[in-house]
Amino acid sequence: MNIVVVANYDSMSAEVAKLLYAQITRKPTSVLGLATGSTPLGVYKLLVEYHARGTDFSRLTTFNLDEYVGLAPDHPQSYNYYMKENLFSKVNLKPENTHVPNGLAPDLEAECQRYEELIKKAGGIDLQILGIGTNGHIGFNEPGTDFGAITHVVDLAESTIRDNSRFFASIDEVPTRAISMGIKTIMQAKEIILMASGGSKADAVYAAVHGPVTPDVPASVLQLHPSVTLVVDQAAASKL
Ligand code: F6R
């Protein structure tokens, strides 16, 4: 694992945006795996700036990691909405090339299968960006998830519901289930960038990098991937 420690959130965002820019320039038809949450917001802001200065996104394809079950794409806390607000509406990605699981699909199992097949049809993910949960989750693969899982419906852990309640009016409004790419889906990406910022992530980052490879810490599986870059600020790296 290649580990890049930077000073703070802004430098983490700049570093990851630079790596994405390099990927897009090297291969304008790249398939990118995208994350939501607080961590990548700075990266998306910088990508929008790159686009304003001429970077072309029109030949890229994107797949998001996950979506809450039960939230419509126009629900302000849905990941569909988040992506439209923060990236898709601000760069020239073609809407038909952007993919987020449909949390309202009547048959969720079929939706998971459809999503997994779409990724395969696109040729697989070239570069996947990931955040990390305080419990070590990646995507919404909570502790205990089988490393062999592909895109699936997950029950969110109590700690994830608590962590994510900051985005909702009350904890009761946080969905309890999500569709998430599986660990196997993520591990099939050719390259992975894991980002983390802030002291609340320090234990999870330590366990991911130095702990045993175990489903108890889903991010620890990344130790087995041949091409992972961890971009982490000093607070999140404080226990490394
Ligand atoms: C988001 C995702 C999650 C987040 C993680 C960290 O698509 O898959 O794994 O990356 O929960 O969230 P933040 O960045 O809000 O701390």
# chains A, B, ... in the order shown; residues from 1 in each chain; ligands from 1
>>> residues_around(residues="region 118-122 of chain A", least_positions_apart="5", cutoff="8 Å", atoms="only C-alpha atoms", output="PyMOL selection string")
chain A and resi 31+61+63
>>> residues_near_ligand(ligand="ligand 1", cutoff="9 Å", atoms="only C-alpha atoms and all ligand atoms", output="JSON list (two decimals) with C-alpha atoms, in the first residue's frame")
[["chain", "number", "residue", "atom", "x", "y", "z"],
["A", 34, "LEU", "CA", -17.07, 7.14, -6.80],
["A", 35, "ALA", "CA", -17.90, 7.59, -3.12],
["A", 36, "THR", "CA", -20.18, 9.97, -1.24],
["A", 37, "GLY", "CA", -20.15, 11.28, 2.35],
["A", 38, "SER", "CA", -18.15, 14.22, 3.72],
["A", 39, "THR", "CA", -14.71, 13.00, 2.72],
["A", 40, "PRO", "CA", -14.80, 13.40, -1.11],
["A", 41, "LEU", "CA", -16.64, 16.75, -1.16],
["A", 64, "ASN", "CA", -21.10, 4.99, -7.25],
["A", 65, "LEU", "CA", -20.45, 2.65, -4.37],
["A", 66, "ASP", "CA", -23.83, 2.76, -2.74],
["A", 67, "GLU", "CA", -27.30, 4.18, -2.18],
["A", 79, "TYR", "CA", -26.59, 9.61, -2.87],
["A", 129, "ILE", "CA", -12.13, 6.10, -4.63],
["A", 130, "LEU", "CA", -13.17, 5.16, -1.13],
["A", 131, "GLY", "CA", -13.82, 6.81, 2.21],
["A", 132, "ILE", "CA", -13.74, 4.78, 5.41],
["A", 133, "GLY", "CA", -16.30, 4.50, 8.19],
["A", 134, "THR", "CA", -15.27, 4.89, 11.84],
["A", 135, "ASN", "CA", -16.00, 1.14, 12.10],
["A", 136, "GLY", "CA", -13.73, 0.35, 9.15],
["A", 137, "HIS", "CA", -16.48, -0.06, 6.57],
["A", 138, "ILE", "CA", -15.85, 0.63, 2.88],
["A", 139, "GLY", "CA", -18.86, 1.30, 0.71],
["A", 140, "PHE", "CA", -21.55, 0.13, 3.08],
["A", 141, "ASN", "CA", -19.79, -3.16, 3.72],
["A", 142, "GLU", "CA", -20.12, -3.28, 7.47],
["A", 160, "THR", "CA", -23.09, 3.98, 10.72],
["A", 163, "ASP", "CA", -22.49, 8.67, 12.18],
["A", 164, "ASN", "CA", -24.77, 9.49, 9.23],
["A", 180, "SER", "CA", -23.62, -1.41, -1.78],
["A", 181, "MET", "CA", -20.97, -2.72, -4.10],
["A", 194, "LEU", "CA", -8.64, 5.29, 0.09],
["A", 195, "MET", "CA", -9.11, 8.73, 1.65],
["A", 196, "ALA", "CA", -9.43, 9.65, 5.31],
["A", 197, "SER", "CA", -9.43, 12.90, 7.23],
["A", 198, "GLY", "CA", -9.77, 13.72, 10.90],
["A", 200, "SER", "CA", -12.27, 10.17, 14.32],
["A", 201, "LYS", "CA", -10.88, 7.98, 11.51]]
>>> select_by_dssp(residues="region 79-153 of chain A", states="helix (DSSP H, G or I)", output="MDAnalysis selection string")
chainID A and resid 79:86 88:90 95:97 108:121
>>> residues_around(residues="region 21-29 of chain A", least_positions_apart="3", cutoff="8 Å", atoms="only C-alpha atoms", output="ChimeraX atom specification")
/A:17-18,47,50,56-57,59-61,127
>>> atom_distance(atom1="CA of Leu19 (chain A)", atom2="CA of Asp203 (chain A)")
25.2 Å
>>> closest_residue(among="A:Asn102, A:Ser170, A:Asn97, A:Ser89", to="Gly33 (chain A)", atoms="only C-alpha atoms")
A:Asn97
>>> closest_residue(among="A:Glu49, A:Glu116, A:Asp172, A:Asp146", to="Glu158 (chain A)", atoms="only C-alpha atoms")
A:Asp172
